[in-house]
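Data from entry_18.txt: compact mmCIF, C-alpha atoms
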```txt
# COMPACT_ATOMS: atom_id res chain seq x y z
CA MET A 1 26.17 56.32 44.50
CA THR A 2 25.92 56.70 40.73
CA GLN A 3 27.06 54.08 38.25
CA THR A 4 29.83 56.38 37.08
CA MET A 5 31.21 56.71 40.58
CA LYS A 6 31.08 52.93 41.05
CA LEU A 7 33.13 52.43 37.91
CA MET A 8 35.69 55.00 39.03
CA ILE A 9 36.07 53.41 42.50
CA ASP A 10 36.29 49.90 40.93
CA ALA A 11 39.00 51.12 38.60
CA LEU A 12 40.98 52.62 41.47
CA LEU A 13 40.65 49.43 43.55
CA GLY A 14 41.33 47.09 40.64
CA ARG A 15 37.88 45.54 40.63
CA THR A 16 35.61 44.40 37.77
CA ARG A 17 31.82 44.26 38.09
CA LEU A 18 29.92 41.59 36.14
CA THR A 19 26.14 40.93 35.93
CA ILE A 20 24.91 37.43 35.07
CA SER A 21 21.25 36.93 34.05
CA GLU A 22 19.04 33.95 34.97
CA ASN A 23 19.47 32.27 31.58
CA GLU A 24 23.25 32.25 31.50
CA ARG A 25 26.40 31.22 33.32
CA ALA A 26 29.94 32.60 33.09
CA LEU A 27 33.27 30.85 33.26
CA VAL A 28 35.96 33.06 34.87
CA LEU A 29 39.71 32.62 34.31
CA VAL A 30 42.26 34.77 36.14
CA GLN A 31 45.78 34.75 34.82
CA GLY A 32 44.75 31.83 32.61
CA ARG A 33 43.60 29.67 35.51
CA PHE A 34 40.05 28.77 36.45
CA SER A 35 38.61 30.93 39.18
CA ASP A 36 34.88 30.29 39.30
CA ILE A 37 31.64 29.66 37.42
CA LEU A 38 29.31 32.61 38.02
CA THR A 39 25.58 32.20 38.67
CA PRO A 40 22.84 34.89 38.21
CA GLY A 41 23.43 38.20 39.98
CA GLU A 42 26.04 40.97 40.19
CA HIS A 43 29.60 39.88 40.85
CA VAL A 44 32.70 41.90 41.76
CA LEU A 45 35.98 40.44 40.56
CA ARG A 46 39.18 41.65 42.26
CA SER A 47 41.60 41.61 39.39
CA ALA A 48 44.23 43.98 40.84
CA GLY A 49 45.99 44.22 37.53
CA LYS A 50 45.67 40.54 36.74
CA ALA A 51 44.36 39.32 33.39
CA VAL A 52 40.71 38.29 33.70
CA GLU A 53 38.88 36.34 30.98
CA ILE A 54 35.09 35.88 31.01
CA GLU A 55 33.39 33.19 28.90
CA ARG A 56 29.55 33.47 28.89
CA HIS A 57 27.27 30.49 28.20
CA ALA A 58 23.53 30.78 27.39
CA LEU A 59 21.42 28.06 29.01
CA GLY A 60 19.13 28.08 25.97
CA ASN A 61 21.73 25.70 24.56
CA PRO A 62 22.05 23.23 27.46
CA ASP A 63 25.18 21.52 26.11
CA PHE A 64 28.44 22.70 27.64
CA SER A 65 30.91 23.49 24.90
CA SER A 66 34.17 25.28 25.60
CA SER A 67 37.75 25.18 24.49
CA TYR A 68 38.58 24.95 28.21
CA ALA A 69 36.32 21.94 28.87
CA GLN A 70 39.08 19.34 29.16
CA ALA A 71 41.17 21.51 31.47
CA LEU A 72 38.13 22.37 33.59
CA PHE A 73 37.34 18.70 34.23
CA ARG A 74 40.98 18.02 35.09
CA GLU A 75 41.77 21.03 37.28
CA ARG A 76 38.46 21.95 38.91
CA PRO A 77 36.25 18.89 39.45
CA ASP A 78 34.52 20.81 42.23
CA LEU A 79 33.16 23.37 39.72
CA VAL A 80 32.15 20.56 37.39
CA GLU A 81 30.21 18.78 40.13
CA ALA A 82 28.46 22.00 41.17
CA HIS A 83 27.38 23.22 37.75
CA LEU A 84 27.61 20.48 35.12
CA THR A 85 26.12 17.05 34.54
CA GLU A 86 28.21 14.51 32.64
CA ILE A 87 26.43 11.56 30.96
CA ARG A 88 28.37 8.58 29.61
CA THR A 89 27.23 5.27 28.10
CA SER A 90 29.02 1.93 28.01
CA ALA A 91 29.66 -0.15 24.91
CA ASP A 92 26.39 -2.08 25.33
CA GLU A 93 23.88 0.55 26.32
CA ILE A 94 22.10 3.65 25.20
CA ALA A 95 20.70 6.40 27.40
CA LEU A 96 17.46 8.30 26.95
CA ILE A 97 18.00 11.81 28.31
CA THR A 98 14.87 13.57 29.51
CA ARG A 99 14.77 17.32 30.14
CA ASN A 100 11.88 18.81 32.10
CA GLY A 101 9.93 15.56 31.62
CA GLN A 102 10.34 15.62 27.83
CA PRO A 103 12.61 13.19 25.91
CA ASP A 104 15.52 15.32 24.74
CA SER A 105 18.08 13.04 23.09
CA LEU A 106 19.56 9.56 22.92
CA LEU A 107 23.17 8.66 23.51
CA GLY A 108 24.47 5.65 21.63
CA PRO A 109 27.09 3.24 22.94
CA ASP A 110 30.38 4.79 24.12
CA GLU A 111 29.09 8.33 23.83
CA ARG A 112 29.40 11.29 26.20
CA ARG A 113 27.40 14.44 26.75
CA VAL A 114 27.97 17.32 29.18
CA VAL A 115 25.05 19.66 30.00
CA TRP A 116 24.46 22.57 32.33
CA THR A 117 22.73 21.17 35.42
CA ALA A 118 20.66 24.34 35.79
CA ALA A 119 19.19 23.84 32.30
CA GLY A 120 17.36 20.75 33.58
CA PRO A 121 16.11 19.01 35.59
CA TRP A 122 17.65 16.04 33.83
CA THR A 123 16.66 12.36 33.98
CA ILE A 124 18.73 9.55 32.46
CA GLU A 125 17.22 6.15 31.61
CA ARG A 126 19.66 3.46 30.49
CA PHE A 127 18.86 0.44 28.28
CA ASP A 128 20.94 -2.65 27.54
CA VAL A 129 20.92 -3.20 23.75
CA ARG A 130 23.05 -6.34 23.50
CA GLU A 131 20.00 -8.52 22.71
CA ALA A 132 16.74 -6.60 22.58
CA GLN A 133 15.85 -4.34 19.67
CA GLU A 134 12.22 -3.47 20.35
CA ILE A 135 11.61 -0.50 22.63
CA PRO A 136 9.48 -1.54 25.62
CA ALA A 137 5.80 -0.84 24.99
CA ALA A 138 5.38 1.49 27.97
CA LEU A 139 8.37 3.61 26.95
CA ALA A 140 7.30 3.64 23.31
CA ARG A 141 3.82 4.87 24.28
CA ARG A 142 5.34 7.61 26.44
CA ILE A 143 7.60 8.77 23.65
CA GLU A 144 4.72 8.74 21.15
CA ARG A 145 2.49 10.63 23.58
CA LEU A 146 4.98 13.30 24.61
CA ILE A 147 6.63 14.03 21.27
CA ALA A 148 5.19 13.82 17.76
CA PRO A 149 7.01 11.28 15.57
CA GLN A 150 8.25 14.01 13.20
CA SER A 151 9.94 16.00 15.96
CA LEU A 152 11.11 12.84 17.74
CA LEU A 153 13.22 11.84 14.78
CA SER A 154 14.65 15.35 14.49
CA LYS A 155 16.08 15.34 18.05
CA PRO A 156 19.86 14.82 18.41
CA GLY A 157 20.67 11.13 18.20
CA MET A 158 17.07 10.05 17.68
CA ARG A 159 17.25 9.40 13.95
CA ALA A 160 20.41 7.32 14.27
CA ASN A 161 19.16 5.25 17.19
CA ILE A 162 15.42 4.67 16.60
CA THR A 163 13.57 2.97 13.76
CA ARG A 164 9.82 3.55 13.70
CA VAL A 165 7.55 1.04 11.93
CA GLU A 166 3.80 1.22 11.32
CA VAL A 167 1.95 -1.88 10.05
CA GLU A 168 -1.65 -1.54 8.79
CA ASN A 169 -4.41 -4.04 9.54
CA GLU A 170 -4.25 -5.59 6.07
CA GLN A 171 -0.45 -5.92 6.14
CA ALA A 172 2.19 -8.18 7.61
CA GLY A 173 5.56 -6.75 8.68
CA LEU A 174 8.68 -8.91 8.37
CA LEU A 175 11.40 -7.75 10.75
CA PHE A 176 15.02 -8.09 9.59
CA VAL A 177 18.04 -7.23 11.75
CA ASP A 178 21.35 -6.98 9.91
CA GLY A 179 19.68 -8.77 6.99
CA ALA A 180 18.54 -11.77 9.10
CA TYR A 181 14.84 -12.47 9.56
CA GLN A 182 13.67 -12.17 13.17
CA ARG A 183 9.88 -12.38 13.37
CA MET A 184 6.59 -11.21 11.90
CA LEU A 185 5.00 -8.00 13.21
CA GLY A 186 1.27 -7.57 13.65
CA ALA A 187 -0.74 -4.40 13.01
CA GLY A 188 0.27 -1.31 14.98
CA LYS A 189 3.21 1.03 15.60
CA THR A 190 6.50 -0.31 16.94
CA LEU A 191 9.76 1.46 17.82
CA PHE A 192 13.12 -0.33 17.65
CA TRP A 193 16.56 0.53 18.92
CA SER A 194 18.76 0.57 15.84
CA VAL A 195 22.06 0.99 17.64
CA GLY A 196 25.02 -0.51 15.82
CA ARG A 197 22.77 -2.63 13.62
CA SER A 198 20.53 -2.31 10.60
CA VAL A 199 16.84 -2.71 11.42
CA SER A 200 14.42 -2.94 8.49
CA VAL A 201 10.82 -4.08 8.02
CA LYS A 202 9.38 -5.47 4.79
CA LEU A 203 5.65 -4.71 4.52
CA VAL A 204 3.55 -7.28 2.64
CA ASP A 205 -0.05 -6.52 1.61
CA LEU A 206 -2.33 -9.46 2.46
CA ARG A 207 -5.34 -8.27 0.46
CA ARG A 208 -6.49 -9.90 -2.79
CA HIS A 209 -4.96 -8.34 -5.90
CA ALA A 210 -5.74 -8.43 -9.60
CA LEU A 211 -3.02 -9.11 -12.19
CA ASP A 212 -3.39 -8.31 -15.90
CA VAL A 213 -1.21 -10.03 -18.51
CA SER A 214 -1.94 -7.96 -21.60
CA GLY A 215 -0.95 -7.93 -25.26
CA GLN A 216 0.57 -11.41 -25.54
CA GLU A 217 1.42 -12.29 -29.16
CA ILE A 218 0.67 -15.97 -29.86
CA LEU A 219 0.88 -18.07 -33.05
CA THR A 220 -1.91 -20.68 -33.03
CA LYS A 221 -1.63 -24.25 -34.21
CA ASP A 222 -3.14 -23.27 -37.59
CA ARG A 223 -0.58 -20.43 -37.86
CA VAL A 224 -2.84 -17.48 -37.11
CA SER A 225 -1.19 -14.65 -35.20
CA ILE A 226 -3.41 -13.38 -32.36
CA ARG A 227 -3.07 -11.23 -29.27
CA VAL A 228 -4.62 -12.29 -25.97
CA ASN A 229 -5.25 -10.56 -22.65
CA LEU A 230 -5.27 -12.68 -19.48
CA ALA A 231 -6.28 -11.83 -15.92
CA ALA A 232 -5.70 -13.53 -12.57
CA ASP A 233 -6.41 -12.68 -8.94
CA TYR A 234 -4.16 -13.67 -6.06
CA ARG A 235 -3.29 -13.02 -2.42
CA VAL A 236 -0.26 -13.67 -0.22
CA THR A 237 -0.80 -16.50 2.29
CA ASP A 238 2.78 -16.90 3.52
CA PRO A 239 4.55 -13.50 3.57
CA LEU A 240 7.94 -14.93 4.56
CA LYS A 241 8.00 -17.41 1.65
CA ALA A 242 6.78 -14.76 -0.79
CA VAL A 243 9.65 -12.45 0.17
CA ARG A 244 12.38 -15.07 0.52
CA GLU A 245 11.75 -17.37 -2.43
CA VAL A 246 11.51 -14.75 -5.20
CA LYS A 247 12.59 -11.17 -5.64
CA ASP A 248 9.12 -9.99 -6.73
CA TYR A 249 6.21 -12.39 -6.24
CA SER A 250 3.80 -10.43 -8.46
CA ASP A 251 6.35 -10.51 -11.29
CA ALA A 252 6.82 -14.26 -10.72
CA LEU A 253 3.06 -14.81 -11.11
CA TYR A 254 3.01 -12.63 -14.24
CA ARG A 255 5.71 -14.72 -15.89
CA ALA A 256 4.12 -18.01 -14.83
CA VAL A 257 0.79 -17.03 -16.41
CA GLN A 258 2.55 -15.71 -19.50
CA TYR A 259 4.68 -18.81 -20.16
CA ALA A 260 1.94 -21.34 -19.35
CA PHE A 261 -0.66 -19.88 -21.67
CA ARG A 262 1.69 -19.04 -24.50
CA LYS A 263 2.51 -22.76 -24.53
CA THR A 264 -1.06 -24.09 -24.19
CA LEU A 265 -2.77 -21.61 -26.54
CA GLY A 266 -0.04 -22.11 -29.13
CA ALA A 267 -1.02 -25.80 -29.30
CA LYS A 268 -4.67 -25.00 -30.21
CA THR A 269 -6.34 -23.86 -33.40
CA LEU A 270 -8.09 -20.52 -33.66
CA ASP A 271 -11.50 -22.19 -33.67
CA GLU A 272 -10.68 -24.08 -30.45
CA ILE A 273 -9.54 -20.89 -28.75
CA LEU A 274 -12.62 -18.92 -29.83
CA ALA A 275 -14.95 -21.76 -28.84
CA ASN A 276 -13.65 -21.59 -25.24
CA LYS A 277 -12.89 -17.90 -24.95
CA VAL A 278 -14.46 -17.46 -21.52
CA SER A 279 -12.48 -20.33 -19.99
CA VAL A 280 -8.81 -21.24 -19.76
CA ASP A 281 -6.95 -24.49 -19.94
CA ALA A 282 -7.62 -26.25 -16.62
CA GLU A 283 -4.30 -28.11 -16.64
CA ALA A 284 -2.30 -24.91 -17.22
CA ALA A 285 -4.24 -23.06 -14.50
CA GLU A 286 -3.62 -25.82 -11.98
CA GLN A 287 0.08 -25.85 -12.83
CA ILE A 288 0.26 -22.11 -12.11
CA ARG A 289 -1.59 -22.49 -8.80
CA SER A 290 0.76 -25.29 -7.76
CA GLU A 291 3.89 -23.25 -8.58
CA MET A 292 2.59 -20.22 -6.71
CA ARG A 293 1.63 -22.22 -3.62
CA GLU A 294 5.31 -23.12 -3.25
CA ILE A 295 6.17 -19.42 -2.79
CA GLY A 296 3.23 -18.60 -0.50
CA ILE A 297 0.81 -17.23 -3.11
CA GLU A 298 -2.80 -18.37 -3.49
CA VAL A 299 -4.09 -17.90 -7.05
CA GLY A 300 -7.85 -17.67 -7.56
CA GLU A 301 -9.61 -17.29 -10.91
CA ILE A 302 -7.59 -17.13 -14.13
CA ALA A 303 -9.53 -15.81 -17.13
CA LEU A 304 -8.91 -15.28 -20.82
CA LYS A 305 -10.31 -11.76 -21.18
CA ASP A 306 -9.81 -10.93 -24.86
CA VAL A 307 -8.72 -12.53 -28.11
CA ILE A 308 -7.67 -9.87 -30.63
CA LEU A 309 -7.43 -10.90 -34.29
CA PRO A 310 -5.58 -9.16 -37.16
CA GLY A 311 -7.74 -6.90 -39.36
CA GLU A 312 -7.94 -9.23 -42.40
CA MET A 313 -8.68 -12.21 -40.19
CA ARG A 314 -11.58 -10.35 -38.58
CA GLU A 315 -13.11 -9.66 -42.02
CA ILE A 316 -12.82 -13.32 -43.03
CA LEU A 317 -14.29 -14.45 -39.73
CA ASN A 318 -17.18 -11.99 -40.09
CA GLN A 319 -17.95 -13.41 -43.54
CA VAL A 320 -17.92 -16.96 -42.16
CA VAL A 321 -20.23 -15.97 -39.32
CA SER A 322 -22.56 -14.13 -41.73
CA ALA A 323 -22.77 -17.19 -44.03
CA GLU A 324 -23.47 -19.49 -41.07
CA LYS A 325 -26.24 -17.23 -39.80
CA GLN A 326 -27.81 -16.97 -43.31
CA ALA A 327 -27.80 -20.75 -43.63
CA GLN A 328 -29.42 -21.05 -40.21
CA ALA A 329 -32.07 -18.51 -41.23
CA ASN A 330 -32.87 -20.50 -44.41
CA VAL A 331 -33.24 -23.71 -42.43
CA ILE A 332 -35.61 -22.01 -40.00
CA ARG A 333 -37.66 -20.52 -42.87
CA ARG A 334 -38.07 -23.93 -44.57
CA ARG A 335 -38.98 -25.49 -41.24
CA GLU A 336 -41.73 -22.92 -40.68
CA GLU A 337 -43.13 -23.35 -44.22
CA THR A 338 -43.28 -27.13 -43.75
CA ALA A 339 -45.05 -26.70 -40.44
CA ALA A 340 -47.63 -24.34 -41.98
CA THR A 341 -48.38 -26.78 -44.85
CA ARG A 342 -48.70 -29.66 -42.42
CA SER A 343 -51.17 -27.61 -40.36
CA LEU A 344 -53.34 -26.87 -43.43
CA LEU A 345 -53.36 -30.55 -44.36
CA ASN A 346 -54.45 -31.53 -40.88
CA THR A 347 -57.25 -28.93 -40.95
CA ALA A 348 -58.54 -30.26 -44.30
CA LYS A 349 -58.60 -33.82 -42.95
CA VAL A 350 -60.59 -32.73 -39.89
CA MET A 351 -63.19 -30.93 -42.07
CA GLU A 352 -63.50 -33.93 -44.37
CA GLU A 353 -64.22 -36.24 -41.47
CA ASN A 354 -66.46 -33.81 -39.52
CA PRO A 355 -69.25 -32.00 -41.52
CA ILE A 356 -70.17 -29.89 -38.50
CA MET A 357 -66.65 -28.46 -38.42
CA LEU A 358 -67.00 -27.61 -42.12
CA ARG A 359 -70.27 -25.73 -41.42
CA LEU A 360 -68.55 -23.76 -38.65
CA LYS A 361 -65.78 -22.76 -41.03
CA GLU A 362 -68.44 -21.65 -43.56
CA LEU A 363 -70.07 -19.44 -40.93
CA GLU A 364 -66.67 -17.94 -39.94
CA ALA A 365 -65.98 -17.14 -43.61
CA LEU A 366 -69.44 -15.56 -43.97
CA GLU A 367 -68.87 -13.47 -40.86
CA THR A 368 -65.55 -12.24 -42.24
CA ILE A 369 -67.06 -11.28 -45.61
CA ALA A 370 -70.09 -9.59 -44.04
CA GLY A 371 -67.79 -7.33 -42.12
CA ARG A 372 -66.19 -6.05 -45.33
CA VAL A 373 -69.28 -5.43 -47.67
CA GLY A 374 -72.40 -3.33 -47.33
CA ASN A 375 -75.13 -5.87 -48.41
CA LEU A 376 -74.87 -9.64 -48.67
CA VAL A 377 -77.63 -11.77 -50.28
CA VAL A 378 -77.44 -15.55 -49.89
CA HIS A 379 -79.28 -17.73 -52.51
CA ASN A 380 -79.91 -21.47 -52.64
CA GLY A 381 -79.94 -21.77 -48.82
CA PRO A 382 -77.18 -22.96 -46.60
CA GLN A 383 -76.41 -25.89 -48.85
CA GLY A 384 -75.11 -23.58 -51.54
CA LEU A 385 -73.43 -21.12 -49.25
CA LEU A 386 -69.93 -22.31 -49.86
CA SER A 387 -70.40 -22.31 -53.65
CA ASP A 388 -71.81 -18.78 -53.63
CA ILE A 389 -68.98 -17.53 -51.42
CA ALA A 390 -66.47 -18.90 -53.88
CA LYS A 391 -68.17 -16.89 -56.70
CA LEU A 392 -68.13 -13.55 -54.85
CA LYS A 393 -65.75 -10.92 -56.17
```

When written as structure tokens, how does the structure in this file appear?
Amino acid sequence: MTQTMKLMIDALLGRTRLTISENERALVLVQGRFSDILTPGEHVLRSAGKAVEIERHALGNPDFSSSYAQALFRERPDLVEAHLTEIRTSADEIALITRNGQPDSLLGPDERRVVWTAAGPWTIERFDVREAQEIPAALARRIERLIAPQSLLSKPGMRANITRVEVENEQAGLLFVDGAYQRMLGAGKTLFWSVGRSVSVKLVDLRRHALDVSGQEILTKDRVSIRVNLAADYRVTDPLKAVREVKDYSDALYRAVQYAFRKTLGAKTLDEILANKVSVDAEAAEQIRSEMREIGIEVGEIALKDVILPGEMREILNQVVSAEKQAQANVIRRREETAATRSLLNTAKVMEENPIMLRLKELEALETIAGRVGNLVVHNGPQGLLSDIAKLK
């Protein structure tokens, strides 16, 4: 029998043929009342002049959404039980809905979801969230393993119900729930239920840091305007204190160094500052360390890096340094001249007291002269050698 003949016979008998594929379902209403939910295959509907309405649903979207949903649940619970799965949560729980072994969505408290049973299989895991916020480690590992964090947070309900925190080895994580501190988190990844509450984590770096306090204008005791650059290194020893006691602990350290050394350097003369440029005031440094310990910060070395003078002051200072160095050079020159004269005097005394030494000096002088002239004739013997040498030109 051809398709055309089938249609003609169906029309004569008041029948309607309908084909449902594997990936869809169809809701049938006859005369405005629910008749059936059709599964895959060919179906023959005996309308006999009655009004028939067909509403198709693709299982690619597993959620059941229809303008007839409320009436269907009220009038035909048998159809609902056979084809749909209803998931509800209480006021104190959330439900993790798994589809085909993969986490699909989360339902928050007092929420409802209706899905096509055939789009599953579906698994529902329920969790009491009245007290606990952290997702159990086993479940967290399964979620991380099955679904990448980026796609996890894009699933329906996931972003609103899960907070994901990752703490590095050199960090401390301070957990706050609704603004109240709970505990400190160690290194690693942690997932929290954030249902009906605000879950946040403050990350604090525990490594040693360097702080530069640059370009500080200071008027010295002798009224010279200078600029100084200071440096300090620090690390956080008590993360909770560092976060609670001050808004920004690095800014607090900056201001403490700034105020302390503006006060101490302003009480010194320029010469005193330049004489101890590589060191800082010990009392001021200890005061800073004591203040920072109270907010959980350990301050290490504090150094005065640079002292920058105005242009005219640099010229004057260069002239002073040049004069000091010239005076030192003159003193050294006079000292060396005195030493040379004293050495000659000592040599003369030794020759006067030791004739043999004098004869040796005569022979050394003769050797020196002989090396510089072609012929050398000595008269009057050795006794007159020194006299003859004195007469040579």

Set out as a tab-separated table a contact list for segment 42-87 of chain A and segment 119-134 of chain A with a cut-off of 10 Å, giving each residue of segment 42-87 of chain A that qualifies its closest atom pair and distance in Å to one decimal, counting only C-alpha atoms, ordered by chain and rising residue number.
```
residue	atom	partner	partner_atom	distance
A:Ala58	CA	A:Ala119	CA	9.5
A:Leu59	CA	A:Ala119	CA	5.8
A:Gly60	CA	A:Ala119	CA	7.6
A:Asn61	CA	A:Ala119	CA	8.4
A:Pro62	CA	A:Ala119	CA	5.7
A:Asp63	CA	A:Ala119	CA	8.9
A:His83	CA	A:Ala119	CA	9.9
A:Leu84	CA	A:Ala119	CA	9.5
A:Thr85	CA	A:Trp122	CA	8.6
A:Ile87	CA	A:Ile124	CA	8.1
```

Write the residues you've just listed into a file as a compact mmCIF listing (two decimals), in the frame of the given file, and include C-alpha atoms for each of them.
```txt
# COMPACT_ATOMS: atom_id res chain seq x y z
CA ALA A 58 23.53 30.78 27.39
CA LEU A 59 21.42 28.06 29.01
CA GLY A 60 19.13 28.08 25.97
CA ASN A 61 21.73 25.70 24.56
CA PRO A 62 22.05 23.23 27.46
CA ASP A 63 25.18 21.52 26.11
CA HIS A 83 27.38 23.22 37.75
CA LEU A 84 27.61 20.48 35.12
CA THR A 85 26.12 17.05 34.54
CA ILE A 87 26.43 11.56 30.96
```

> Residues at most 9 Å from Glu217 of chain A, counting all atoms listed in the file, excluding those fewer than 4 positions away in the same chain, as a list of chain:residue names?
Replying inline: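 My list of contacting residues is A:Ser225, A:Ile226, A:Arg227, A:Val228, A:Arg262.
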
So that all listed atoms of segment 63-72 of chain A fit with 5 Å spare on each side, what axis-aligned box centre and edge lengths in Å, to one decimal, would you give as JSON?
```
{"center_x": 33.2, "center_y": 22.3, "center_z": 29.0, "size_x": 26.0, "size_y": 15.9, "size_z": 19.1}
```

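Proximity of A:Ile302, A:Ala252, A:Leu175, A:Leu191 to Leu240 of chain A, computed with all atoms listed in the file, is greatest for A:Leu175.
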
So which residues touch Ala26 of chain A within 7 Å, counting only C-alpha atoms, skipping near sequence neighbours fewer than 5 positions away, as a VMD selection string? chain A and resid 37 to 38 54 to 57

Q.
Using all atoms listed in the file for the distances, tell me which of A:Leu253, A:Ala285, A:Val213, A:Val331 is nearest to Lys305 of chain A.
A.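 Of all the options, A:Val213 lies closest to Lys305 of chain A.
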
Here atom CA of Arg255 of chain A and atom CA of Val236 of chain A stand apart by 16.8 Å

So that I can look at just that part, could you write segment 243-255 of chain A with N, CA and C atoms, as a PDB file, in the first residue's frame?
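Final output, out.pdb:
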```pdb
ATOM      1  N   VAL A 243      45.730  41.254  57.779  1.00  0.00           N
ATOM      2  CA  VAL A 243      44.513  41.609  57.044  1.00  0.00           C
ATOM      3  C   VAL A 243      43.514  42.337  57.931  1.00  0.00           C
ATOM      4  N   ARG A 244      43.452  41.952  59.204  1.00  0.00           N
ATOM      5  CA  ARG A 244      42.440  42.525  60.097  1.00  0.00           C
ATOM      6  C   ARG A 244      42.835  43.888  60.647  1.00  0.00           C
ATOM      7  N   GLU A 245      44.093  44.055  61.024  1.00  0.00           N
ATOM      8  CA  GLU A 245      44.502  45.254  61.752  1.00  0.00           C
ATOM      9  C   GLU A 245      44.570  46.492  60.864  1.00  0.00           C
ATOM     10  N   VAL A 246      44.973  46.336  59.617  1.00  0.00           N
ATOM     11  CA  VAL A 246      45.109  47.484  58.710  1.00  0.00           C
ATOM     12  C   VAL A 246      44.473  47.131  57.369  1.00  0.00           C
ATOM     13  N   LYS A 247      44.126  48.166  56.630  1.00  0.00           N
ATOM     14  CA  LYS A 247      43.517  47.947  55.322  1.00  0.00           C
ATOM     15  C   LYS A 247      44.533  47.418  54.328  1.00  0.00           C
ATOM     16  N   ASP A 248      45.750  47.991  54.353  1.00  0.00           N
ATOM     17  CA  ASP A 248      46.823  47.575  53.437  1.00  0.00           C
ATOM     18  C   ASP A 248      48.124  47.572  54.223  1.00  0.00           C
ATOM     19  N   TYR A 249      48.649  46.369  54.517  1.00  0.00           N
ATOM     20  CA  TYR A 249      49.827  46.293  55.388  1.00  0.00           C
ATOM     21  C   TYR A 249      51.084  46.845  54.716  1.00  0.00           C
ATOM     22  N   SER A 250      51.211  46.730  53.399  1.00  0.00           N
ATOM     23  CA  SER A 250      52.386  47.293  52.723  1.00  0.00           C
ATOM     24  C   SER A 250      52.352  48.819  52.766  1.00  0.00           C
ATOM     25  N   ASP A 251      51.160  49.397  52.646  1.00  0.00           N
ATOM     26  CA  ASP A 251      51.023  50.850  52.751  1.00  0.00           C
ATOM     27  C   ASP A 251      51.303  51.306  54.186  1.00  0.00           C
ATOM     28  N   ALA A 252      50.900  50.507  55.175  1.00  0.00           N
ATOM     29  CA  ALA A 252      51.176  50.847  56.578  1.00  0.00           C
ATOM     30  C   ALA A 252      52.683  50.878  56.835  1.00  0.00           C
ATOM     31  N   LEU A 253      53.414  49.910  56.282  1.00  0.00           N
ATOM     32  CA  LEU A 253      54.871  49.894  56.440  1.00  0.00           C
ATOM     33  C   LEU A 253      55.502  51.088  55.727  1.00  0.00           C
ATOM     34  N   TYR A 254      55.017  51.415  54.554  1.00  0.00           N
ATOM     35  CA  TYR A 254      55.529  52.566  53.800  1.00  0.00           C
ATOM     36  C   TYR A 254      55.419  53.840  54.634  1.00  0.00           C
ATOM     37  N   ARG A 255      54.253  54.049  55.221  1.00  0.00           N
ATOM     38  CA  ARG A 255      54.040  55.276  56.001  1.00  0.00           C
ATOM     39  C   ARG A 255      54.863  55.270  57.287  1.00  0.00           C
TER      40      ARG A 255
END
```
